[in-house]
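Participant: Data: query_6.txt, compact mmCIF, C-alpha atoms.
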# COMPACT_ATOMS: atom_id res chain seq x y z
CA MET A 514 112.70 108.46 77.80
CA SER A 515 116.30 108.81 78.86
CA ARG A 516 117.69 106.37 81.42
CA LEU A 517 119.37 109.38 83.00
CA GLU A 518 115.94 110.62 84.09
CA PRO A 519 115.18 108.75 87.32
CA ARG A 520 111.71 107.26 87.66
CA THR A 521 110.29 105.72 90.83
CA LEU A 522 107.89 102.78 90.86
CA TYR A 523 105.71 102.31 93.95
CA VAL A 524 104.43 98.79 94.52
CA ASP A 525 101.88 97.68 97.12
CA THR A 526 102.09 93.88 97.07
CA GLU A 527 98.66 93.56 98.70
CA LYS A 528 97.06 95.24 95.68
CA VAL A 529 99.18 94.17 92.72
CA ASP A 530 101.26 91.21 91.57
CA VAL A 531 104.65 92.02 90.05
CA ARG A 532 106.89 89.72 88.07
CA CYS A 533 109.60 90.02 85.46
CA GLU A 534 108.81 89.07 81.88
CA GLY A 535 111.75 89.57 79.56
CA ALA A 536 112.91 93.19 79.68
CA ALA A 537 109.76 94.48 81.38
CA LEU A 538 107.85 94.24 84.64
CA ARG A 539 104.38 92.75 84.42
CA ILE A 540 102.09 94.51 86.92
CA GLN A 541 98.78 92.76 87.47
CA ARG A 542 95.95 94.32 89.46
CA SER A 543 92.96 92.14 90.31
CA GLY A 544 90.20 92.45 87.72
CA ARG A 545 92.28 94.55 85.33
CA ALA A 546 94.50 93.96 82.34
CA ALA A 547 98.21 93.61 83.07
CA THR A 548 100.48 96.64 82.63
CA TYR A 549 104.04 96.32 81.33
CA VAL A 550 106.80 98.74 82.34
CA PRO A 551 110.25 98.52 80.67
CA ILE A 552 112.89 97.91 83.33
CA VAL A 553 115.25 100.46 81.77
CA ARG A 554 112.76 103.21 82.65
CA ILE A 555 113.00 102.49 86.38
CA SER A 556 115.78 103.80 88.61
CA ARG A 557 114.14 103.26 92.00
CA VAL A 558 111.45 100.99 93.42
CA VAL A 559 109.59 101.32 96.71
CA ILE A 560 107.88 98.08 97.75
CA ARG A 561 105.33 97.97 100.56
CA GLY A 562 103.79 94.89 102.09
CA HIS A 563 104.84 91.27 102.02
CA SER A 564 106.76 89.68 99.19
CA GLY A 565 104.53 88.49 96.40
CA GLU A 566 104.99 85.56 94.05
CA GLY A 567 107.56 86.42 91.39
CA LEU A 568 108.67 89.58 93.23
CA LEU A 569 112.14 88.26 94.06
CA GLY A 570 112.95 87.65 90.38
CA ALA A 571 111.66 91.12 89.51
CA CYS A 572 113.85 92.71 92.21
CA LEU A 573 116.96 90.89 91.03
CA ALA A 574 116.31 91.95 87.43
CA LEU A 575 115.86 95.56 88.54
CA ALA A 576 119.05 95.52 90.61
CA GLN A 577 120.97 94.01 87.71
CA ALA A 578 119.72 96.87 85.53
CA GLY A 579 120.98 99.43 88.07
CA ALA A 580 117.82 100.22 90.06
CA VAL A 581 117.78 100.64 93.84
CA ILE A 582 114.96 98.87 95.69
CA HIS A 583 113.60 99.88 99.11
CA PHE A 584 111.36 97.55 101.10
CA GLN A 585 108.94 99.30 103.45
CA THR A 586 106.36 98.24 106.00
CA GLY A 587 102.72 99.08 105.44
CA HIS A 588 103.30 102.24 107.49
CA GLY A 589 106.11 103.45 105.22
CA GLN A 590 109.09 102.57 107.44
CA THR A 591 112.08 101.23 105.51
CA ARG A 592 113.15 97.78 106.70
CA ALA A 593 115.69 96.87 104.00
CA TRP A 594 117.12 98.03 100.70
CA LEU A 595 118.75 96.37 97.74
CA GLN A 596 121.53 98.14 95.86
CA PRO A 597 123.22 96.96 92.66
CA ALA A 598 126.61 95.34 93.33
CA ALA A 599 128.33 97.54 90.74
CA GLU A 600 128.44 101.25 91.52
CA PRO A 601 128.55 103.91 88.79
CA GLN A 602 132.10 105.16 88.37
CA SER A 603 132.94 108.85 88.39
CA HIS A 604 136.47 110.16 87.98
CA SER A 605 135.59 113.49 89.59
CA VAL A 606 134.03 111.80 92.61
CA GLN A 607 137.03 109.52 93.08
CA GLU A 608 139.31 112.55 92.80
CA LEU A 609 137.29 114.30 95.51
CA SER A 610 137.49 111.21 97.71
CA ASP A 611 141.30 111.26 97.38
CA LEU A 612 141.38 115.00 98.19
CA ILE A 613 139.41 114.37 101.39
CA ASP A 614 141.95 111.73 102.40
CA HIS A 615 144.83 114.17 101.83
CA THR A 616 143.23 117.39 103.06
CA GLY A 617 141.24 116.31 106.11
CA LEU A 618 137.94 117.62 107.44
CA GLY A 619 138.59 121.37 107.55
CA PRO A 620 136.90 122.09 104.17
CA TYR A 621 134.04 119.73 105.06
CA HIS A 622 133.25 121.64 108.24
CA TRP A 623 133.28 124.95 106.36
CA TRP A 624 131.03 123.46 103.70
CA ARG A 625 128.64 121.98 106.28
CA ASP A 626 128.13 125.29 108.08
CA ALA A 627 127.59 127.17 104.81
CA GLN A 628 125.07 124.61 103.52
CA ARG A 629 123.10 124.69 106.74
CA ARG A 630 122.81 128.46 106.54
CA HIS A 631 121.85 128.24 102.87
CA ALA A 632 119.13 125.62 103.43
CA TRP A 633 117.65 127.67 106.23
CA SER A 634 117.77 130.92 104.25
CA VAL A 635 115.88 129.28 101.36
CA VAL A 636 112.84 129.22 103.67
CA PHE A 637 113.36 132.05 106.15
CA ARG A 638 115.67 134.45 104.28
CA GLN A 639 117.93 134.53 107.34
CA THR A 640 120.37 132.32 109.21
CA PRO A 641 119.07 130.10 112.04
CA ARG A 642 119.22 131.43 115.57
CA GLY A 643 121.40 129.44 117.93
CA ASP A 644 122.25 125.78 117.40
CA PHE A 645 121.23 124.44 113.99
CA GLN A 646 119.72 121.15 115.27
CA SER A 647 117.70 122.97 117.94
CA ALA A 648 116.45 125.45 115.35
CA CYS A 649 115.27 122.56 113.14
CA LYS A 650 113.38 121.00 116.04
CA ARG A 651 111.70 124.32 116.80
CA MET A 652 110.71 124.64 113.15
CA GLU A 653 109.18 121.14 113.08
CA LYS A 654 107.29 121.80 116.30
CA TYR A 655 105.92 125.05 114.87
CA LEU A 656 104.83 123.44 111.61
CA LYS A 657 103.11 120.56 113.39
CA LYS A 658 100.99 123.12 115.25
CA LEU A 659 99.59 124.21 111.89
CA SER A 660 97.80 120.87 111.64
CA PRO A 661 94.03 121.35 111.79
CA MET A 662 93.62 117.79 113.15
CA HIS A 663 95.97 114.82 113.35
CA TRP A 664 97.39 114.39 109.86
CA MET A 665 100.70 116.14 110.38
CA PRO A 666 102.93 113.79 112.44
CA HIS A 667 102.32 110.66 110.34
CA GLU A 668 102.60 112.43 106.99
CA ILE A 669 105.71 114.37 108.02
CA GLU A 670 107.37 111.13 109.14
CA ALA A 671 106.53 109.50 105.79
CA LEU A 672 107.84 112.55 103.91
CA GLY A 673 111.18 112.42 105.73
CA GLU A 674 111.54 108.68 105.25
CA ASP A 675 110.76 108.85 101.53
CA LEU A 676 113.27 111.68 101.12
CA ARG A 677 115.91 109.55 102.86
CA CYS A 678 115.24 106.64 100.47
CA TRP A 679 115.38 108.90 97.43
CA LEU A 680 118.63 110.50 98.58
CA GLN A 681 120.23 107.11 99.17
CA ALA A 682 119.28 106.02 95.66
CA GLU A 683 120.31 109.30 94.06
CA LEU A 684 123.77 109.24 95.65
CA HIS A 685 124.21 105.72 94.29
CA ARG A 686 122.95 106.69 90.83
CA CYS A 687 125.43 109.59 90.66
CA GLY A 688 128.33 107.50 91.98
CA TRP A 689 128.82 109.49 95.21
CA HIS A 690 129.08 106.60 97.66
CA PRO A 691 132.94 106.61 97.59
CA VAL A 692 132.87 110.12 99.07
CA CYS A 693 130.24 109.06 101.63
CA ARG A 694 132.45 106.14 102.71
CA THR A 695 135.59 108.28 102.89
CA LEU A 696 133.86 110.84 105.11
CA ALA A 697 132.29 108.08 107.21
CA GLY A 698 135.77 106.72 107.83
CA GLN A 699 136.55 110.09 109.41
CA GLY A 700 133.39 110.15 111.51
CA GLN A 701 131.19 112.30 109.25
CA ARG A 702 127.76 111.40 107.83
CA LEU A 703 127.40 113.17 104.49
CA GLU A 704 124.07 111.51 103.71
CA HIS A 705 122.60 112.65 107.04
CA GLU A 706 123.78 116.23 106.49
CA LEU A 707 122.36 116.34 102.97
CA HIS A 708 119.05 114.93 104.18
CA ARG A 709 118.71 117.66 106.78
CA CYS A 710 119.50 120.43 104.29
CA LEU A 711 117.03 119.06 101.74
CA TYR A 712 114.36 118.35 104.33
CA ILE A 713 113.98 121.93 105.55
CA PRO A 714 112.64 123.49 102.30
CA LEU A 715 110.76 120.28 101.38
CA LEU A 716 108.88 120.26 104.69
CA TRP A 717 108.02 123.95 104.33
CA ARG A 718 106.62 123.45 100.83
CA PHE A 719 104.71 120.37 101.97
CA VAL A 720 102.99 122.17 104.84
CA ARG A 721 101.94 125.06 102.62
CA TRP A 722 100.58 122.61 100.04
CA ARG A 723 98.92 120.33 102.60
CA ARG A 724 96.89 123.09 104.19
CA GLN A 725 95.12 123.57 100.85
CA GLN A 726 94.12 119.88 100.64
CA PRO A 727 91.17 117.97 102.15
CA LEU A 728 91.66 116.62 105.66
CA ALA A 729 91.21 113.07 104.39
CA LEU A 730 94.07 112.94 101.88
CA GLU A 731 94.72 109.86 99.78
CA GLU A 732 98.26 108.50 99.94
CA ARG A 733 98.37 108.75 96.16
CA ARG A 734 97.98 112.54 96.35
CA ARG A 735 100.84 112.90 98.84
CA LEU A 736 103.07 110.78 96.62
CA GLU A 737 102.18 112.93 93.63
CA PHE A 738 103.31 116.03 95.51
CA GLN A 739 106.46 114.26 96.62
CA GLU A 740 107.39 113.02 93.16
CA LEU A 741 106.96 116.50 91.69
CA GLN A 742 109.42 117.79 94.29
CA LEU A 743 111.86 114.94 93.66
CA ALA A 744 111.69 115.51 89.91
CA SER A 745 113.04 119.07 89.94
CA PRO A 746 113.58 121.16 93.11
CA MET A 747 115.26 118.40 95.14
CA PRO A 748 117.79 117.19 92.51
CA ARG A 749 118.72 120.78 91.70
CA GLN A 750 119.31 121.61 95.36
CA LEU A 751 121.17 118.35 96.00
CA HIS A 752 123.62 118.91 93.17
CA LEU A 753 124.24 122.48 94.32
CA HIS A 754 125.25 121.08 97.72
CA LEU A 755 127.49 118.44 96.14
CA ARG A 756 129.11 120.90 93.76
CA ALA A 757 129.81 123.25 96.66
CA LEU A 758 131.53 120.43 98.57
CA SER A 759 133.72 119.59 95.60
CA ASN A 760 134.61 123.25 95.04
CA GLU A 761 135.50 123.71 98.71
CA TYR A 762 138.01 120.87 98.60
CA HIS A 763 139.52 121.87 95.27
CA VAL A 764 140.02 125.47 96.40
CA SER A 765 141.56 124.31 99.69
CA TRP A 766 143.88 121.95 97.82
CA LYS A 767 145.05 124.73 95.50
CA LEU A 768 145.70 127.03 98.45
CA MET A 769 147.74 124.29 100.10
CA GLN A 770 149.77 123.84 96.93
CA VAL A 771 150.41 127.61 96.64
CA THR A 772 151.49 127.75 100.29
CA GLU A 773 153.87 124.82 99.88
CA ASP A 774 155.37 126.31 96.72
CA SER A 775 155.87 129.63 98.50
CA GLU A 776 157.60 127.94 101.43
CA ASP A 777 159.87 126.00 99.04
CA ALA A 778 160.78 129.24 97.24
CA ASP A 779 161.67 130.92 100.55
CA GLU A 780 164.03 128.08 101.40
Here is a file; write its structure as structure tokens.

Facilitator:
Amino acid sequence: MSRLEPRTLYVDTEKVDVRCEGAALRIQRSGRAATYVPIVRISRVVIRGHSGEGLLGACLALAQAGAVIHFQTGHGQTRAWLQPAAEPQSHSVQELSDLIDHTGLGPYHWWRDAQRRHAWSVVFRQTPRGDFQSACKRMEKYLKKLSPMHWMPHEIEALGEDLRCWLQAELHRCGWHPVCRTLAGQGQRLEHELHRCLYIPLLWRFVRWRRQQPLALEERRRLEFQELQLASPMPRQLHLHLRALSNEYHVSWKLMQVTEDSEDADE
């Protein structure tokens, strides 16, 4: 299996013991034989519960190998995350970061508005009415009403939090944090904007899927749905958003160069 294919490992420390043994993780469940998972096959780890014996060494080995680790409470709320000290290097991303410094936020604002409309149209085949944030809140309120009992709010919250963790890890894996930092220095939150755009179609697909499931749904089943989404639709949509941002800045830069050359010629 290629290391370029991200794989997520979910660990509940109250049910399993995890430790590093050589180049693999040893996962021991009470009353069962130990399972070994090569560290190179793991790009992200989600750990719930309290730290177990040997877990710290396993986390350090994973981070050294390039994996991102998120620590969550038993209710799925992220309380900390561990990122490798060395970030993947990308010449194209660094070039984009420099362009943002030189060009400013004009292209970013154009990109943001276009991506919001695109994310909304993926679900509704039309642009949102009125303010984008208000439209998202109305959508969430409407979808929560589809709940036959009380499963919606908790599961929707977990879905959004897991998406945020995945996005954070994916941006690191692809070397996009320099652009995030450059935009943050100018008061913009790229990660937040991407999360919102990805969340709209994900939530819609989740609700449609969830209504076909039993009321008492195991957490394992929800995670299976989530991982299927994060394996294909979400990465494809994310990279379309990122490519559009890069194209917006490169086109704007070229137009600036043409304008400057034209002004120099006139002089």

Participant: With all atoms listed in the file as the counted atoms, please give the residues lying no more than 10 Å from A:Trp717, apart from itself and same-chain residues fewer than 6 positions off, as a list of chain:residue names.

Facilitator: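 Everything that qualifies: A:Val635, A:Val636, A:Phe637, A:Met652, A:Glu653, A:Leu656, A:Arg723.
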
Participant: Would you write out those residues with C-alpha atoms, as a PDB file, keeping the file's coordinate frame?

Facilitator:
ATOM      1  CA  VAL A 635     115.880 129.280 101.360  1.00  0.00           C
ATOM      2  CA  VAL A 636     112.840 129.220 103.670  1.00  0.00           C
ATOM      3  CA  PHE A 637     113.360 132.050 106.150  1.00  0.00           C
ATOM      4  CA  MET A 652     110.710 124.640 113.150  1.00  0.00           C
ATOM      5  CA  GLU A 653     109.180 121.140 113.080  1.00  0.00           C
ATOM      6  CA  LEU A 656     104.830 123.440 111.610  1.00  0.00           C
ATOM      7  CA  ARG A 723      98.920 120.330 102.600  1.00  0.00           C
TER       8      ARG A 723
END

Participant: Pick out the residues sitting within 12 Å of A:His622, and hand them over as JSON, numbers by chain; count all atoms listed in the file, and ignore anything fewer than 2 positions along from it in its own chain.

Facilitator: {"A": [613, 617, 618, 619, 620, 624, 625, 626, 627, 628, 629, 696, 700, 701, 702, 703, 706, 758, 761, 762]}

Participant: Figure out the distance between atom CA of A:Arg630 and atom CA of A:Glu668, please, to one decimal in Å.

Facilitator: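 Interatomic distance, atom CA of A:Glu668 to atom CA of A:Arg630: 25.8 Å.
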
Participant: Specify the axis-aligned box that encloses all atoms of stretch 673-680 of chain A listed in the file after padding of 6 Å on each side, stating its centre and edge lengths in Å to one decimal as lines of an AutoDock Vina configuration file.

Facilitator:
center_x = 114.7
center_y = 109.5
center_z = 101.6
size_x = 19.9
size_y = 17.8
size_z = 20.3

Participant: Between atom CA of A:Ile669 and atom CA of A:Arg735, what distance in Å does the model show, to one decimal?

Facilitator: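 Going from atom CA of A:Ile669 over to atom CA of A:Arg735, I get 10.5 Å.
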
Participant: For A:Pro748, list every protein, DNA or RNA residue within 12 Å, evaluated using only C-alpha atoms, and leave out those in the same chain fewer than 4 positions away; present the list as a PDB file with C-alpha atoms, in the frame of the given file.

Facilitator:
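Listed below is the output, out-v6.pdb:
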ATOM      1  CA  GLU A 518     115.940 110.620  84.090  1.00  0.00           C
ATOM      2  CA  PRO A 519     115.180 108.750  87.320  1.00  0.00           C
ATOM      3  CA  LEU A 676     113.270 111.680 101.120  1.00  0.00           C
ATOM      4  CA  TRP A 679     115.380 108.900  97.430  1.00  0.00           C
ATOM      5  CA  LEU A 680     118.630 110.500  98.580  1.00  0.00           C
ATOM      6  CA  ALA A 682     119.280 106.020  95.660  1.00  0.00           C
ATOM      7  CA  GLU A 683     120.310 109.300  94.060  1.00  0.00           C
ATOM      8  CA  LEU A 684     123.770 109.240  95.650  1.00  0.00           C
ATOM      9  CA  ARG A 686     122.950 106.690  90.830  1.00  0.00           C
ATOM     10  CA  CYS A 687     125.430 109.590  90.660  1.00  0.00           C
ATOM     11  CA  LEU A 707     122.360 116.340 102.970  1.00  0.00           C
ATOM     12  CA  HIS A 708     119.050 114.930 104.180  1.00  0.00           C
ATOM     13  CA  LEU A 711     117.030 119.060 101.740  1.00  0.00           C
ATOM     14  CA  LEU A 715     110.760 120.280 101.380  1.00  0.00           C
ATOM     15  CA  GLU A 740     107.390 113.020  93.160  1.00  0.00           C
ATOM     16  CA  LEU A 741     106.960 116.500  91.690  1.00  0.00           C
ATOM     17  CA  GLN A 742     109.420 117.790  94.290  1.00  0.00           C
ATOM     18  CA  LEU A 743     111.860 114.940  93.660  1.00  0.00           C
ATOM     19  CA  ALA A 744     111.690 115.510  89.910  1.00  0.00           C
ATOM     20  CA  HIS A 752     123.620 118.910  93.170  1.00  0.00           C
ATOM     21  CA  LEU A 753     124.240 122.480  94.320  1.00  0.00           C
ATOM     22  CA  HIS A 754     125.250 121.080  97.720  1.00  0.00           C
ATOM     23  CA  LEU A 755     127.490 118.440  96.140  1.00  0.00           C
ATOM     24  CA  ARG A 756     129.110 120.900  93.760  1.00  0.00           C
TER      25      ARG A 756
END

Participant: Compare A:Ser745, A:Leu768, A:Ala546, A:Val606 by their minimum atom-to-atom distance to A:Arg694, counting all atoms listed in the file, and give me the closest one.

Facilitator: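 Closest residue, counting all atoms listed in the file: A:Val606.
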
Participant: Mind pulling up the distance from atom CA of A:Ala547 to atom CA of A:Lys528?

Facilitator: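 Computed distance, atom CA of A:Lys528 to atom CA of A:Ala547, equals 12.8 Å.
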
Participant: So that I can check the surroundings of stretch 578-582 of chain A, please list as a PyMOL selection string every protein, DNA and RNA residue that reaches within 10 Å of it, counting all atoms listed in the file and ignoring chain neighbours fewer than 2 positions away.

Facilitator: chain A and resi 519-522+536+552-560+572-576+584-585+593-601+678-679+681-683+685-686

Participant: Which residue, A:Thr526, A:Thr695, A:Gln770, A:Gln726, has the smallest gap to A:Gly587 when you use all atoms listed in the file?

Facilitator: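 Closest candidate: A:Thr526.
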
Participant: Counting all atoms listed in the file, what is within 8 Å of A:Leu568, bar same-chain residues fewer than 4 positions away, as a count of residues only?

Facilitator: 6

Participant: Taking all atoms listed in the file into account, name the residue in A:Trp633, A:Leu736, A:Arg638, A:Ser605 that is nearest to A:Asn760.

Facilitator: A:Ser605

Participant: Using only C-alpha atoms, can you list as a PyMOL selection string the residues within 9 Å of (105.3, 99.0, 79.2)?

Facilitator: chain A and resi 537-539+548-552

Participant: Considering only C-alpha atoms, can you say which of A:Val692, A:Val529, A:Leu612, A:Ala757 comes closest to A:Gln541?

Facilitator: A:Val529
